[in-house]
$ cat work-v7.pdb   # PDB, C-alpha atoms
ATOM      1  CA  MET A 469       0.000   0.000   0.000
ATOM      2  CA  SER A 470       1.426   3.386  -0.967
ATOM      3  CA  GLU A 471       1.657   6.351   1.377
ATOM      4  CA  ARG A 472      -1.233   8.804   1.162
ATOM      5  CA  GLU A 473      -0.698  12.274  -0.211
ATOM      6  CA  LYS A 474      -0.783  15.046   2.403
ATOM      7  CA  LYS A 475      -2.181  18.501   1.837
ATOM      8  CA  THR A 476      -3.535  21.609   3.499
ATOM      9  CA  SER A 477      -7.146  22.717   3.337
ATOM     10  CA  GLU A 478      -8.313  26.036   1.978
ATOM     11  CA  ALA A 479     -11.372  28.003   3.051
ATOM     12  CA  ILE A 480     -14.137  28.289   0.460
ATOM     13  CA  GLU A 481     -16.366  31.364   0.666
ATOM     14  CA  THR A 482     -19.782  31.972  -0.908
ATOM     15  CA  TRP A 483     -22.148  34.946  -0.700
ATOM     16  CA  ASN A 484     -25.950  35.018  -0.855
ATOM     17  CA  PHE A 485     -28.852  37.413  -0.393
ATOM     18  CA  VAL A 486     -31.837  36.247   1.653
ATOM     19  CA  PHE A 487     -35.080  36.569  -0.310
ATOM     20  CA  PRO A 488     -38.705  36.551   0.939
ATOM     21  CA  ASN A 489     -39.337  33.040  -0.448
ATOM     22  CA  GLN A 490     -36.575  31.775   1.894
ATOM     23  CA  SER A 491     -38.259  33.028   5.055
ATOM     24  CA  ASN A 492     -41.172  32.496   7.393
ATOM     25  CA  PRO A 493     -43.994  35.074   7.783
ATOM     26  CA  TYR A 494     -41.904  36.936  10.385
ATOM     27  CA  GLY A 495     -39.014  37.530   7.993
ATOM     28  CA  ASN A 496     -36.594  34.991   9.526
ATOM     29  CA  MET A 497     -34.719  32.761   7.098
ATOM     30  CA  PHE A 498     -35.854  29.133   7.188
ATOM     31  CA  GLY A 499     -33.241  26.901   8.839
ATOM     32  CA  GLY A 500     -33.568  24.359   6.040
ATOM     33  CA  GLU A 501     -32.799  26.998   3.413
ATOM     34  CA  LEU A 502     -29.700  28.023   5.340
ATOM     35  CA  LEU A 503     -28.583  24.403   5.772
ATOM     36  CA  ALA A 504     -28.876  23.872   2.000
ATOM     37  CA  ILE A 505     -26.512  26.801   1.383
ATOM     38  CA  MET A 506     -24.146  25.526   4.057
ATOM     39  CA  ASP A 507     -24.218  22.004   2.598
ATOM     40  CA  SER A 508     -23.386  23.287  -0.899
ATOM     41  CA  THR A 509     -20.487  25.353   0.399
ATOM     42  CA  ALA A 510     -19.220  22.414   2.481
ATOM     43  CA  ALA A 511     -19.381  20.224  -0.641
ATOM     44  CA  LEU A 512     -17.337  22.770  -2.601
ATOM     45  CA  ALA A 513     -14.679  22.746   0.132
ATOM     46  CA  ALA A 514     -14.636  18.921   0.199
ATOM     47  CA  ILE A 515     -14.408  18.674  -3.605
ATOM     48  CA  ARG A 516     -11.608  21.236  -3.658
ATOM     49  CA  TYR A 517      -9.729  19.300  -0.955
ATOM     50  CA  SER A 518     -10.236  15.768  -2.265
ATOM     51  CA  GLY A 519     -10.425  16.412  -5.991
ATOM     52  CA  ARG A 520     -13.350  13.973  -6.071
ATOM     53  CA  THR A 521     -17.115  13.833  -6.235
ATOM     54  CA  VAL A 522     -18.547  13.954  -2.726
ATOM     55  CA  SER A 523     -21.806  13.263  -0.953
ATOM     56  CA  THR A 524     -22.996  14.467   2.433
ATOM     57  CA  ALA A 525     -23.146  11.681   5.014
ATOM     58  CA  SER A 526     -24.163  13.672   8.111
ATOM     59  CA  VAL A 527     -24.529  17.086   9.682
ATOM     60  CA  GLU A 528     -23.515  17.611  13.300
ATOM     61  CA  ARG A 529     -23.532  20.352  15.888
ATOM     62  CA  VAL A 530     -25.720  22.878  14.066
ATOM     63  CA  ILE A 531     -25.822  25.995  16.193
ATOM     64  CA  PHE A 532     -28.137  28.854  15.225
ATOM     65  CA  LYS A 533     -26.595  31.731  17.206
ATOM     66  CA  ARG A 534     -28.370  34.707  15.614
ATOM     67  CA  PRO A 535     -31.341  34.970  13.255
ATOM     68  CA  ILE A 536     -30.947  35.873   9.598
ATOM     69  CA  PHE A 537     -33.569  38.118   8.002
ATOM     70  CA  VAL A 538     -34.902  38.851   4.528
ATOM     71  CA  GLY A 539     -32.533  41.251   2.802
ATOM     72  CA  ASP A 540     -29.459  40.150   4.759
ATOM     73  CA  ARG A 541     -26.265  39.420   2.889
ATOM     74  CA  ILE A 542     -24.715  36.217   4.177
ATOM     75  CA  LYS A 543     -21.175  34.940   3.804
ATOM     76  CA  THR A 544     -20.640  31.196   4.188
ATOM     77  CA  ILE A 545     -17.127  29.894   4.858
ATOM     78  CA  ALA A 546     -16.329  26.176   4.725
ATOM     79  CA  LYS A 547     -13.047  24.395   5.387
ATOM     80  CA  VAL A 548     -12.019  20.744   5.797
ATOM     81  CA  VAL A 549     -10.945  20.354   9.432
ATOM     82  CA  LEU A 550     -10.725  16.562   9.915
ATOM     83  CA  VAL A 551      -9.965  13.745   7.477
ATOM     84  CA  GLY A 552     -10.550  10.008   7.664
ATOM     85  CA  ARG A 553      -9.655   7.464   5.002
ATOM     86  CA  THR A 554     -12.554   8.285   2.629
ATOM     87  CA  SER A 555     -14.465  10.977   4.493
ATOM     88  CA  MET A 556     -13.835  14.482   5.726
ATOM     89  CA  MET A 557     -15.475  16.809   8.229
ATOM     90  CA  VAL A 558     -16.051  20.359   7.034
ATOM     91  CA  ARG A 559     -16.623  23.214   9.470
ATOM     92  CA  THR A 560     -19.102  25.641   7.946
ATOM     93  CA  ASP A 561     -19.770  29.105   9.392
ATOM     94  CA  VAL A 562     -22.341  31.652   8.243
ATOM     95  CA  PHE A 563     -21.864  35.353   8.875
ATOM     96  CA  VAL A 564     -24.338  38.184   8.361
ATOM     97  CA  ASP A 565     -22.681  41.124   6.645
ATOM     98  CA  LYS A 566     -23.762  44.069   8.798
ATOM     99  CA  GLY A 567     -21.375  46.502   7.101
ATOM    100  CA  GLY A 568     -19.835  49.485   8.791
ATOM    101  CA  GLU A 569     -18.198  49.004  12.162
ATOM    102  CA  GLU A 570     -20.230  45.896  13.015
ATOM    103  CA  GLY A 571     -18.745  43.988  10.066
ATOM    104  CA  ASP A 572     -19.508  40.272   9.853
ATOM    105  CA  VAL A 573     -21.560  38.749  12.683
ATOM    106  CA  LEU A 574     -21.430  34.966  13.197
ATOM    107  CA  SER A 575     -24.918  33.532  12.793
ATOM    108  CA  THR A 576     -24.668  29.768  12.365
ATOM    109  CA  THR A 577     -22.070  27.009  12.625
ATOM    110  CA  ALA A 578     -22.253  23.335  11.636
ATOM    111  CA  HIS A 579     -19.967  20.399  10.859
ATOM    112  CA  PHE A 580     -20.726  18.383   7.713
ATOM    113  CA  THR A 581     -19.237  14.956   7.028
ATOM    114  CA  LEU A 582     -18.797  14.209   3.353
ATOM    115  CA  VAL A 583     -17.557  11.055   1.610
ATOM    116  CA  ALA A 584     -15.414  11.005  -1.555
ATOM    117  CA  PHE A 585     -16.333   8.802  -4.537
ATOM    118  CA  ASP A 586     -14.862   7.722  -7.859
ATOM    119  CA  GLU A 587     -16.740   7.614 -11.182
ATOM    120  CA  GLU A 588     -18.417   4.293 -10.250
ATOM    121  CA  ARG A 589     -19.590   5.723  -6.891
ATOM    122  CA  ASN A 590     -17.087   3.637  -4.919
ATOM    123  CA  THR A 591     -15.515   5.365  -1.937
ATOM    124  CA  VAL A 592     -11.936   6.492  -2.517
ATOM    125  CA  GLU A 593      -9.019   7.346  -0.261
ATOM    126  CA  ILE A 594      -8.371  11.048   0.181
ATOM    127  CA  PRO A 595      -5.235  12.968   1.191
ATOM    128  CA  GLU A 596      -4.220  13.289   4.828
ATOM    129  CA  LEU A 597      -4.724  16.745   6.334
ATOM    130  CA  ILE A 598      -1.773  18.962   7.185
ATOM    131  CA  ILE A 599      -2.511  21.251  10.126
ATOM    132  CA  GLU A 600      -0.377  24.394  10.175
ATOM    133  CA  THR A 601      -1.911  26.991  12.501
ATOM    134  CA  ASP A 602      -3.222  27.163  16.063
ATOM    135  CA  LYS A 603      -6.704  27.923  14.708
ATOM    136  CA  GLU A 604      -6.564  24.847  12.463
ATOM    137  CA  ARG A 605      -5.445  22.759  15.468
ATOM    138  CA  LYS A 606      -8.367  24.107  17.534
ATOM    139  CA  HIS A 607     -10.875  23.288  14.767
ATOM    140  CA  PHE A 608      -9.304  19.837  14.293
ATOM    141  CA  GLU A 609      -9.602  19.051  18.022
ATOM    142  CA  LEU A 610     -13.231  20.208  18.106
ATOM    143  CA  ALA A 611     -13.996  18.033  15.066
ATOM    144  CA  GLU A 612     -12.385  15.030  16.798
ATOM    145  CA  GLN A 613     -14.616  15.630  19.831
ATOM    146  CA  ILE A 614     -17.714  15.852  17.634
ATOM    147  CA  LYS A 615     -16.765  12.619  15.858
ATOM    148  CA  SER A 616     -16.237  10.887  19.212
ATOM    149  CA  HIS A 617     -19.623  12.056  20.532
ATOM    150  CA  VAL A 618     -21.343  10.919  17.337
ATOM    151  CA  GLY A 619     -19.834   7.446  17.701
ATOM    152  CA  ARG A 620     -21.018   7.127  21.303
ATOM    153  CA  ARG A 621     -24.496   8.420  20.410
ATOM    154  CA  GLU A 622     -24.824   5.958  17.530
ATOM    155  CA  GLY A 623     -23.840   3.116  19.872
ATOM    156  CA  ARG A 624     -26.529   4.110  22.392
ATOM    157  CA  ILE A 625     -29.174   4.377  19.674
ATOM    158  CA  LYS A 626     -28.221   0.952  18.290
ATOM    159  CA  ASN A 627     -28.625  -0.549  21.776
ATOM    160  CA  VAL A 628     -32.116   0.952  22.144
ATOM    161  CA  VAL A 629     -33.173  -0.263  18.696
ATOM    162  CA  GLU A 630     -31.894  -3.779  19.491
ATOM    163  CA  LYS A 631     -34.179  -3.842  22.563
ATOM    164  CA  TRP A 632     -37.199  -3.130  20.331
ATOM    165  CA  LYS A 633     -36.640  -6.238  18.198
TER     166      LYS A 633
END
$ encode --input "work-v7.pdb" --output "structure tokens"
Amino acid sequence: MSEREKKTSEAIETWNFVFPNQSNPYGNMFGGELLAIMDSTAALAAIRYSGRTVSTASVERVIFKRPIFVGDRIKTIAKVVLVGRTSMMVRTDVFVDKGGEEGDVLSTTAHFTLVAFDEERNTVEIPELIIETDKERKHFELAEQIKSHVGRREGRIKNVVEKWK
């Protein structure tokens, strides 16, 4: 077996306006609409990192910190922060562009796990992640904690389901 390539991850940034058809009657953006934008941006980051087709496997730790309203300009930033053999976790943050002195205000954060595929839709090995900065180390460690919690949660759910049989 050959040694895996190693590479750094780059942040991918997208911008969107929030339109009335993306909101509830009170003018707040629907969470599902926002998650779709976040998922697309996370996929772009994963494709850029892996050089492969990807598919979302899960979304973890979605935190809606501040509401987003019709007319807001939102900036979504996604970056691969943890890599397995065929999958990668992408931290995705959404900021509302308030302009002026307020600048960008963090609204929502989530971690998406995406899997890389070849042309026949078979999973493929992806490069190992090189971590260079303290911020990247912090995001890597948080992603490891999320992955660990997900594994424990899935084990507990499996045990409950087994009792139902």
$ resolve_selection --input "work-v7.pdb" --expression "the PyMOL selection byres ((chain A and resi 538-550) around 8)" --output "ChimeraX atom specification"
/A:477-488,490-491,495-497,505-506,509-510,513-514,517,536-537,551-552,556-566,597,604,607-608,611-612
$ write_last_selection --input "work-v7.pdb" --atoms "C-alpha atoms" --output "compact mmCIF listing (two decimals), in the coordinates of the input"
# COMPACT_ATOMS: atom_id res chain seq x y z
CA SER A 477 -7.15 22.72 3.34
CA GLU A 478 -8.31 26.04 1.98
CA ALA A 479 -11.37 28.00 3.05
CA ILE A 480 -14.14 28.29 0.46
CA GLU A 481 -16.37 31.36 0.67
CA THR A 482 -19.78 31.97 -0.91
CA TRP A 483 -22.15 34.95 -0.70
CA ASN A 484 -25.95 35.02 -0.86
CA PHE A 485 -28.85 37.41 -0.39
CA VAL A 486 -31.84 36.25 1.65
CA PHE A 487 -35.08 36.57 -0.31
CA PRO A 488 -38.70 36.55 0.94
CA GLN A 490 -36.58 31.78 1.89
CA SER A 491 -38.26 33.03 5.06
CA GLY A 495 -39.01 37.53 7.99
CA ASN A 496 -36.59 34.99 9.53
CA MET A 497 -34.72 32.76 7.10
CA ILE A 505 -26.51 26.80 1.38
CA MET A 506 -24.15 25.53 4.06
CA THR A 509 -20.49 25.35 0.40
CA ALA A 510 -19.22 22.41 2.48
CA ALA A 513 -14.68 22.75 0.13
CA ALA A 514 -14.64 18.92 0.20
CA TYR A 517 -9.73 19.30 -0.96
CA ILE A 536 -30.95 35.87 9.60
CA PHE A 537 -33.57 38.12 8.00
CA VAL A 551 -9.96 13.74 7.48
CA GLY A 552 -10.55 10.01 7.66
CA MET A 556 -13.84 14.48 5.73
CA MET A 557 -15.48 16.81 8.23
CA VAL A 558 -16.05 20.36 7.03
CA ARG A 559 -16.62 23.21 9.47
CA THR A 560 -19.10 25.64 7.95
CA ASP A 561 -19.77 29.10 9.39
CA VAL A 562 -22.34 31.65 8.24
CA PHE A 563 -21.86 35.35 8.88
CA VAL A 564 -24.34 38.18 8.36
CA ASP A 565 -22.68 41.12 6.64
CA LYS A 566 -23.76 44.07 8.80
CA LEU A 597 -4.72 16.74 6.33
CA GLU A 604 -6.56 24.85 12.46
CA HIS A 607 -10.88 23.29 14.77
CA PHE A 608 -9.30 19.84 14.29
CA ALA A 611 -14.00 18.03 15.07
CA GLU A 612 -12.38 15.03 16.80
$ closest_residue --input "work-v7.pdb" --among "A:Leu582, A:Ala511, A:Ile614, A:Val573" --to "Ser526 (chain A)" --atoms "all atoms listed in the file"
A:Leu582
$ atom_distance --input "work-v7.pdb" --atom1 "CA of Thr581 (chain A)" --atom2 "CA of Pro595 (chain A)"
15.3 Å
$ atom_distance --input "work-v7.pdb" --atom1 "CA of Val618 (chain A)" --atom2 "CA of Arg553 (chain A)"
17.3 Å
$ closest_residue --input "work-v7.pdb" --among "A:Leu574, A:Ala584, A:Val629, A:Leu502" --to "Arg520 (chain A)" --atoms "all atoms listed in the file"
A:Ala584
$ closest_residue --input "work-v7.pdb" --among "A:Ser616, A:Thr476, A:Thr577, A:Thr591" --to "Lys533 (chain A)" --atoms "all atoms listed in the file"
A:Thr577
$ atom_distance --input "work-v7.pdb" --atom1 "CA of Val583 (chain A)" --atom2 "CA of Val522 (chain A)"
5.3 Å
$ residues_near_point --input "work-v7.pdb" --point "(-28.7, 25.0, 15.6)" --cutoff "9 Å" --atoms "all atoms listed in the file" --output "list in words"
Gly499, Arg529, Val530, Ile531, Phe532, Lys533, Thr576, Thr577 and Ala578 of chain A
$ closest_residue --input "work-v7.pdb" --among "A:Ile515, A:Val628, A:Leu610, A:Ile594" --to "Glu528 (chain A)" --atoms "all atoms listed in the file"
A:Leu610
$ residues_around --input "work-v7.pdb" --residues "Thr521 (chain A)" --least-positions-apart "2" --cutoff "8 Å" --atoms "all atoms listed in the file" --output "list in words"
Ile515, Gly519, Ser523, Ala584, Phe585, Asp586 and Glu587 of chain A
$ axis_aligned_box --input "work-v7.pdb" --around "region 495-514 of chain A" --padding-each-side "6 Å" --output "JSON"
{"center_x": -26.8, "center_y": 28.2, "center_z": 3.5, "size_x": 36.4, "size_y": 30.6, "size_z": 24.1}
$ closest_residue --input "work-v7.pdb" --among "A:Asn492, A:Phe580, A:Asn590, A:Glu471" --to "Ala504 (chain A)" --atoms "all atoms listed in the file"
A:Phe580
$ decode --input "work-v7.pdb" --residues "region 520-537 of chain A" --atoms "N, CA, C and O atoms" --output "compact mmCIF listing (two decimals), in the first residue's frame"
# COMPACT_ATOMS: atom_id res chain seq x y z
N ARG A 520 -12.40 15.03 -5.73
CA ARG A 520 -13.35 13.97 -6.07
C ARG A 520 -14.79 14.45 -5.94
O ARG A 520 -15.07 15.47 -5.32
N THR A 521 -15.69 13.64 -6.48
CA THR A 521 -17.12 13.83 -6.23
C THR A 521 -17.37 13.49 -4.77
O THR A 521 -16.75 12.57 -4.24
N VAL A 522 -18.25 14.22 -4.13
CA VAL A 522 -18.55 13.95 -2.73
C VAL A 522 -20.05 13.90 -2.49
O VAL A 522 -20.83 14.40 -3.30
N SER A 523 -20.41 13.31 -1.38
CA SER A 523 -21.81 13.26 -0.95
C SER A 523 -21.86 13.47 0.55
O SER A 523 -21.01 12.95 1.29
N THR A 524 -22.85 14.20 1.01
CA THR A 524 -23.00 14.47 2.43
C THR A 524 -23.47 13.21 3.15
O THR A 524 -24.45 12.59 2.73
N ALA A 525 -22.78 12.85 4.22
CA ALA A 525 -23.15 11.68 5.01
C ALA A 525 -23.89 12.09 6.29
O ALA A 525 -24.78 11.38 6.74
N SER A 526 -23.49 13.22 6.89
CA SER A 526 -24.16 13.67 8.11
C SER A 526 -23.88 15.15 8.36
O SER A 526 -22.95 15.73 7.80
N VAL A 527 -24.71 15.71 9.22
CA VAL A 527 -24.53 17.09 9.68
C VAL A 527 -24.58 17.05 11.20
O VAL A 527 -25.50 16.47 11.78
N GLU A 528 -23.60 17.64 11.84
CA GLU A 528 -23.52 17.61 13.30
C GLU A 528 -23.36 19.02 13.86
O GLU A 528 -22.83 19.91 13.19
N ARG A 529 -23.79 19.15 15.10
CA ARG A 529 -23.53 20.35 15.89
C ARG A 529 -23.95 21.62 15.15
O ARG A 529 -23.19 22.57 15.02
N VAL A 530 -25.20 21.66 14.69
CA VAL A 530 -25.72 22.88 14.07
C VAL A 530 -26.11 23.83 15.20
O VAL A 530 -26.91 23.48 16.06
N ILE A 531 -25.53 25.00 15.16
CA ILE A 531 -25.82 26.00 16.19
C ILE A 531 -26.30 27.27 15.51
O ILE A 531 -25.53 27.91 14.78
N PHE A 532 -27.57 27.61 15.74
CA PHE A 532 -28.14 28.85 15.23
C PHE A 532 -27.95 29.91 16.32
O PHE A 532 -28.71 29.95 17.28
N LYS A 533 -26.93 30.74 16.18
CA LYS A 533 -26.59 31.73 17.21
C LYS A 533 -27.43 32.99 17.09
O LYS A 533 -27.81 33.58 18.09
N ARG A 534 -27.64 33.47 15.86
CA ARG A 534 -28.37 34.71 15.61
C ARG A 534 -29.27 34.51 14.40
O ARG A 534 -28.88 33.85 13.45
N PRO A 535 -30.45 35.12 14.41
CA PRO A 535 -31.34 34.97 13.26
C PRO A 535 -30.80 35.70 12.03
O PRO A 535 -30.01 36.64 12.13
N ILE A 536 -31.26 35.24 10.88
CA ILE A 536 -30.95 35.87 9.60
C ILE A 536 -32.28 36.32 9.02
O ILE A 536 -33.27 35.58 9.06
N PHE A 537 -32.32 37.53 8.46
CA PHE A 537 -33.57 38.12 8.00
C PHE A 537 -33.56 38.36 6.49
O PHE A 537 -32.49 38.44 5.87
